[in-house]
$ cat run11.txt   # compact mmCIF, C-alpha atoms
# COMPACT_ATOMS: atom_id res chain seq x y z
CA ALA A 16 -14.59 13.81 -15.64
CA GLU A 17 -13.44 13.19 -12.10
CA LEU A 18 -12.62 9.61 -11.10
CA ARG A 19 -14.42 8.11 -8.11
CA ILE A 20 -11.37 7.52 -5.97
CA ASP A 21 -10.32 8.15 -2.36
CA ARG A 22 -6.86 9.02 -1.09
CA VAL A 23 -6.09 7.12 2.10
CA PRO A 24 -3.07 8.02 4.25
CA ARG A 25 -0.87 5.16 5.38
CA THR A 26 2.31 4.97 7.41
CA VAL A 27 5.28 2.76 6.57
CA VAL A 28 7.52 1.59 9.40
CA MET A 29 11.10 0.48 8.87
CA ALA A 30 12.13 -1.68 11.84
CA GLU A 31 15.91 -1.92 12.06
CA MET A 32 17.20 -5.27 13.31
CA ALA A 33 20.59 -6.81 13.98
CA GLU A 34 20.71 -10.21 12.22
CA PRO A 35 17.11 -11.47 12.38
CA GLY A 36 17.65 -14.71 10.47
CA ASN A 37 15.37 -15.78 7.65
CA ILE A 38 12.08 -13.83 7.80
CA PRO A 39 9.73 -14.43 4.84
CA SER A 40 7.24 -11.98 3.34
CA LEU A 41 3.95 -11.82 5.19
CA ILE A 42 0.39 -10.69 4.51
CA LEU A 43 -1.84 -11.07 7.56
CA GLU A 44 -5.52 -10.31 8.15
CA GLN A 45 -6.46 -9.55 11.76
CA PRO A 46 -2.95 -9.01 13.17
CA PRO A 47 -2.39 -9.07 16.94
CA ASP A 48 -2.86 -5.30 17.38
CA GLY A 49 -6.62 -4.67 17.30
CA ARG A 50 -6.20 -1.22 15.74
CA LEU A 51 -5.10 -2.86 12.49
CA ARG A 52 -7.29 -4.58 9.89
CA SER A 53 -4.35 -6.15 8.04
CA ILE A 54 -0.58 -5.90 7.63
CA TYR A 55 2.13 -6.82 5.18
CA TRP A 56 5.86 -6.93 5.55
CA VAL A 57 8.73 -7.70 3.27
CA PRO A 58 11.86 -9.57 4.36
CA PRO A 59 14.60 -7.47 5.95
CA VAL A 60 16.81 -5.72 3.41
CA ARG A 61 20.22 -4.14 3.93
CA TYR A 62 19.93 -0.51 2.85
CA PRO A 63 22.78 1.59 1.40
CA ASP A 64 23.31 3.22 4.82
CA GLY A 65 24.14 -0.24 6.21
CA ARG A 66 20.94 -0.67 8.23
CA LEU A 67 19.06 -3.98 8.00
CA CYS A 68 15.34 -3.14 8.05
CA LEU A 69 12.06 -4.98 7.82
CA LYS A 70 9.44 -2.81 6.06
CA ILE A 71 5.92 -3.13 7.47
CA GLY A 72 2.69 -1.40 6.57
CA GLY A 73 -0.98 -2.07 6.93
CA SER A 74 -4.42 -0.62 7.28
CA LEU A 75 -6.02 0.78 10.39
CA ILE A 76 -9.55 -0.36 11.21
CA ALA A 77 -10.57 3.30 11.03
CA ASP A 78 -8.78 4.44 7.85
CA PRO A 79 -8.99 8.22 7.54
CA LYS A 80 -9.38 9.80 4.10
CA LEU A 81 -7.59 12.89 2.75
CA ALA A 82 -10.26 15.17 1.35
CA SER A 83 -8.28 18.20 0.27
CA ASP A 84 -5.03 18.84 -1.54
CA GLU A 85 -3.87 20.82 1.53
CA GLU A 86 -4.40 17.78 3.77
CA LEU A 87 -2.41 15.66 1.32
CA VAL A 88 0.51 18.10 1.27
CA SER A 89 0.46 18.39 5.07
CA TRP A 90 0.44 14.58 5.41
CA PHE A 91 3.57 14.24 3.27
CA HIS A 92 5.37 16.85 5.39
CA GLY A 93 4.95 14.68 8.50
CA ASN A 94 6.18 11.31 9.72
CA GLY A 95 2.90 9.43 9.49
CA SER A 96 0.27 8.52 12.08
CA PRO A 97 1.59 8.05 15.65
CA ASP A 98 -1.22 5.53 16.27
CA GLU A 99 -0.31 3.54 13.16
CA ILE A 100 3.42 3.67 13.99
CA GLU A 101 2.74 2.26 17.45
CA ALA A 102 0.38 -0.44 16.15
CA LEU A 103 2.79 -1.58 13.42
CA THR A 104 5.81 -1.56 15.74
CA GLU A 105 3.93 -3.54 18.41
CA THR A 106 2.83 -6.01 15.72
CA VAL A 107 6.46 -6.66 14.72
CA ARG A 108 7.37 -7.19 18.38
CA ALA A 109 4.41 -9.55 18.91
CA LEU A 110 5.06 -11.63 15.80
CA LEU A 111 8.87 -11.70 16.15
CA PRO A 112 9.39 -11.83 19.93
CA GLY A 113 12.98 -13.07 19.68
CA VAL A 114 14.15 -10.32 17.31
CA ALA A 115 15.44 -7.09 18.81
CA ILE A 116 14.36 -3.88 17.07
CA THR A 117 17.24 -1.42 17.34
CA SER A 118 15.47 1.58 15.78
CA VAL A 119 12.30 2.57 13.95
CA THR A 120 11.97 5.05 11.11
CA THR A 121 8.71 6.00 9.47
CA ALA A 122 7.38 7.56 6.30
CA PRO A 123 4.00 8.82 5.17
CA CYS A 124 2.39 7.10 2.21
CA VAL A 125 -0.93 7.46 0.39
CA ILE A 126 -2.89 4.78 -1.40
CA THR A 127 -5.80 5.26 -3.77
CA THR A 128 -8.98 3.23 -3.34
CA THR A 129 -11.93 2.65 -5.64
CA PRO A 130 -15.55 1.83 -4.73
CA THR A 131 -15.32 -1.43 -6.69
CA GLY A 132 -12.25 -2.70 -4.84
CA TYR A 133 -10.54 -3.26 -8.21
CA PRO A 134 -8.02 -0.98 -9.87
CA TYR A 135 -9.21 1.17 -12.73
CA VAL A 136 -7.57 0.09 -15.99
CA GLY A 137 -9.26 1.61 -18.96
CA TRP A 138 -10.02 4.53 -21.23
CA LEU A 139 -11.12 7.92 -19.94
CA ASP A 140 -11.14 9.72 -23.25
CA ASP A 141 -9.79 9.38 -26.76
CA GLY A 142 -6.06 8.69 -26.32
CA LEU A 143 -6.21 8.91 -22.48
CA ALA A 144 -6.19 5.76 -20.35
CA VAL A 145 -5.53 5.19 -16.64
CA ALA A 146 -4.18 2.48 -14.38
CA ILE A 147 -4.91 3.73 -10.85
CA GLY A 148 -6.59 2.70 -7.62
CA GLY A 149 -4.65 -0.25 -6.31
CA ASN A 150 -6.65 -0.29 -3.07
CA GLY A 151 -3.47 -0.78 -1.05
CA GLU A 152 -2.82 -4.20 -2.51
CA ALA A 153 -1.50 -3.62 -6.01
CA ALA A 154 2.26 -3.80 -5.46
CA LYS A 155 2.24 -7.57 -5.89
CA SER A 156 0.15 -7.19 -9.06
CA SER A 157 1.79 -4.11 -10.55
CA ASP A 158 3.44 -5.95 -13.45
CA GLU A 159 0.13 -7.48 -14.51
CA ILE A 160 -1.81 -4.22 -14.05
CA GLY A 161 0.82 -2.49 -16.21
CA ARG A 162 0.54 -5.20 -18.86
CA LEU A 163 -3.25 -4.80 -18.97
CA ALA A 164 -2.90 -1.02 -19.24
CA ALA A 165 -0.28 -1.27 -21.99
CA SER A 166 -2.52 -3.64 -23.96
CA LEU A 167 -5.12 -0.87 -24.26
CA PHE A 168 -2.80 0.93 -26.67
CA GLY A 169 -2.14 -2.12 -28.85
CA ALA A 170 -3.88 -2.76 -32.16
CA ASP A 171 -6.12 -5.44 -30.60
CA GLY A 172 -6.93 -3.48 -27.41
CA TRP A 173 -8.05 -5.43 -24.36
CA THR A 174 -7.68 -9.15 -25.17
CA ASP A 175 -7.36 -10.56 -21.65
CA SER A 176 -9.76 -13.26 -20.44
CA LEU A 177 -10.63 -10.99 -17.50
CA SER A 178 -13.56 -8.72 -18.29
CA ALA A 179 -12.57 -5.12 -19.08
CA ASP A 180 -15.82 -4.06 -17.38
CA THR A 181 -14.43 -5.23 -14.02
CA PHE A 182 -11.68 -2.61 -14.29
CA ALA A 183 -13.63 0.15 -16.06
CA PRO A 184 -12.92 3.60 -14.56
CA GLN A 185 -15.87 5.17 -12.77
$ encode --input "run11.txt" --output "structure tokens"
Amino acid sequence: AELRIDRVPRTVVMAEMAEPGNIPSLILEQPPDGRLRSIYWVPPVRYPDGRLCLKIGGSLIADPKLASDEELVSWFHGNGSPDEIEALTETVRALLPGVAITSVTTAPCVITTTPTGYPYVGWLDDGLAVAIGGNGEAAKSSDEIGRLAASLFGADGWTDSLSADTFAPQ
């Protein structure tokens, strides 16, 4: 059976900064750039190459979908969406006006979405379970999603107070 799931291309921007000070994590609905529905960023991290970068991503108002495997492969051979890169970069500049961005690097990414808005965590067949479809917001919940998925294989199965039906694969 084929899961009801969409593959949505996203672009990640790494904004290199000198010493930006203390910037906390951020999740923001309706960011200043009207092309974006929402954004997230994580505090700047010093990478092994010595660069100090703030990682930002988000969702465009008009999220495209990747229908074919060929489109998916082509997407990963590129640098992401120029429109999304510009919107995310301008958002960093608007929200951190006193912080100079010294360079920007980008990477393509793909998220999986479900029609329910919840990840699928459940059995597909005898001995085959899935944990997929984070809807672009599962990174913060990945430990818990993994715990729920692992519980499926335990002697007691799903014992969480959350209803297994909420997460049932479709």
$ atom_distance --input "run11.txt" --atom1 "atom CA of Val88 of chain A" --atom2 "atom CA of Glu101 of chain A"
22.8 Å
$ closest_residue --input "run11.txt" --among "A:Pro184, A:Pro112, A:Pro58, A:Pro24" --to "Ala77 of chain A" --atoms "only C-alpha atoms"
A:Pro24
$ residues_around --input "run11.txt" --residues "Trp138 of chain A" --least-positions-apart "4" --cutoff "8 Å" --atoms "all atoms listed in the file" --output "list in words"
Gly142, Leu143, Ala144, Val145, Leu167, Ala183 and Pro184 of chain A
$ residues_around --input "run11.txt" --residues "Leu43 of chain A" --least-positions-apart "5" --cutoff "12 Å" --atoms "only C-alpha atoms" --output "PyMOL selection string"
chain A and resi 48+51-57+71-74+106-107+110
$ closest_residue --input "run11.txt" --among "A:Gly137, A:Arg22, A:Thr117, A:Leu111" --to "Leu87 of chain A" --atoms "only C-alpha atoms"
A:Arg22
$ closest_residue --input "run11.txt" --among "A:Ala164, A:Ala82, A:Val114, A:Ile100" --to "Gly36 of chain A" --atoms "all atoms listed in the file"
A:Val114
$ atom_distance --input "run11.txt" --atom1 "atom CA of Ala179 of chain A" --atom2 "atom CA of Val136 of chain A"
7.9 Å
$ closest_residue --input "run11.txt" --among "A:Glu152, A:Asp21, A:Leu163, A:Thr129" --to "Ser176 of chain A" --atoms "all atoms listed in the file"
A:Leu163
$ residues_around --input "run11.txt" --residues "Gly132 of chain A" --least-positions-apart "4" --cutoff "9 Å" --atoms "all atoms listed in the file" --output "JSON list (two decimals) with C-alpha atoms, in the frame of the given file"
[["chain", "number", "residue", "atom", "x", "y", "z"],
["A", 128, "THR", "CA", -8.98, 3.23, -3.34],
["A", 148, "GLY", "CA", -6.59, 2.70, -7.62],
["A", 149, "GLY", "CA", -4.65, -0.25, -6.31],
["A", 150, "ASN", "CA", -6.65, -0.29, -3.07]]
$ residues_around --input "run11.txt" --residues "Pro59 of chain A" --least-positions-apart "2" --cutoff "10 Å" --atoms "only C-alpha atoms" --output "PyMOL selection string"
chain A and resi 29-32+34-40+56-57+61-62+66-71
$ atom_distance --input "run11.txt" --atom1 "atom CA of Pro79 of chain A" --atom2 "atom CA of Glu17 of chain A"
20.7 Å
$ closest_residue --input "run11.txt" --among "A:Gln45, A:Thr26, A:Thr104, A:Thr181" --to "Thr131 of chain A" --atoms "all atoms listed in the file"
A:Thr181
$ residues_around --input "run11.txt" --residues "Glu159 of chain A" --least-positions-apart "3" --cutoff "12 Å" --atoms "only C-alpha atoms" --output "PyMOL selection string"
chain A and resi 134+136+146+149+153-156+162-166+175+177
$ closest_residue --input "run11.txt" --among "A:Gly65, A:Ile147, A:Ile42, A:Thr121" --to "Ser96 of chain A" --atoms "all atoms listed in the file"
A:Thr121
$ decode --input "run11.txt" --residues "segment 46-99 of chain A" --atoms "C-alpha atoms" --output "CSV table (one decimal), in the first residue's frame"
chain,number,residue,atom,x,y,z
A,46,PRO,CA,7.5,36.6,9.6
A,47,PRO,CA,8.3,40.0,8.1
A,48,ASP,CA,8.7,38.7,4.5
A,49,GLY,CA,5.2,38.1,3.1
A,50,ARG,CA,6.4,35.2,0.9
A,51,LEU,CA,6.9,33.1,4.1
A,52,ARG,CA,4.2,31.4,6.2
A,53,SER,CA,6.5,30.7,9.1
A,54,ILE,CA,10.2,30.4,9.9
A,55,TYR,CA,12.5,28.8,12.5
A,56,TRP,CA,16.1,29.3,13.3
A,57,VAL,CA,18.6,27.8,15.7
A,58,PRO,CA,21.2,29.8,17.6
A,59,PRO,CA,24.5,30.4,15.7
A,60,VAL,CA,26.9,27.5,15.8
A,61,ARG,CA,30.6,27.5,15.1
A,62,TYR,CA,31.1,24.9,12.4
A,63,PRO,CA,34.3,22.8,11.9
A,64,ASP,CA,35.4,25.1,9.1
A,65,GLY,CA,35.5,28.0,11.6
A,66,ARG,CA,32.4,29.8,10.3
A,67,LEU,CA,29.7,31.0,12.8
A,68,CYS,CA,26.3,30.4,11.2
A,69,LEU,CA,22.7,30.9,12.1
A,70,LYS,CA,20.6,28.2,10.4
A,71,ILE,CA,17.2,29.4,9.2
A,72,GLY,CA,14.4,27.6,7.3
A,73,GLY,CA,10.7,28.0,6.9
A,74,SER,CA,7.7,27.5,4.6
A,75,LEU,CA,6.7,29.5,1.6
A,76,ILE,CA,3.1,30.6,1.4
A,77,ALA,CA,2.9,28.7,-1.9
A,78,ASP,CA,4.8,25.5,-1.0
A,79,PRO,CA,5.4,23.5,-4.2
A,80,LYS,CA,5.2,19.7,-4.1
A,81,LEU,CA,7.6,17.2,-5.8
A,82,ALA,CA,5.5,14.8,-7.7
A,83,SER,CA,8.1,12.6,-9.4
A,84,ASP,CA,11.3,10.9,-8.3
A,85,GLU,CA,13.1,12.8,-11.2
A,86,GLU,CA,12.0,16.1,-9.7
A,87,LEU,CA,13.2,15.0,-6.3
A,88,VAL,CA,16.7,14.0,-7.6
A,89,SER,CA,16.9,17.3,-9.6
A,90,TRP,CA,16.0,19.3,-6.5
A,91,PHE,CA,18.8,17.7,-4.5
A,92,HIS,CA,21.3,18.5,-7.2
A,93,GLY,CA,20.6,22.3,-6.9
A,94,ASN,CA,21.0,24.9,-4.2
A,95,GLY,CA,17.4,25.4,-3.3
A,96,SER,CA,14.8,28.0,-4.3
A,97,PRO,CA,16.1,31.4,-5.2
A,98,ASP,CA,12.8,32.9,-3.9
A,99,GLU,CA,13.1,31.1,-0.6
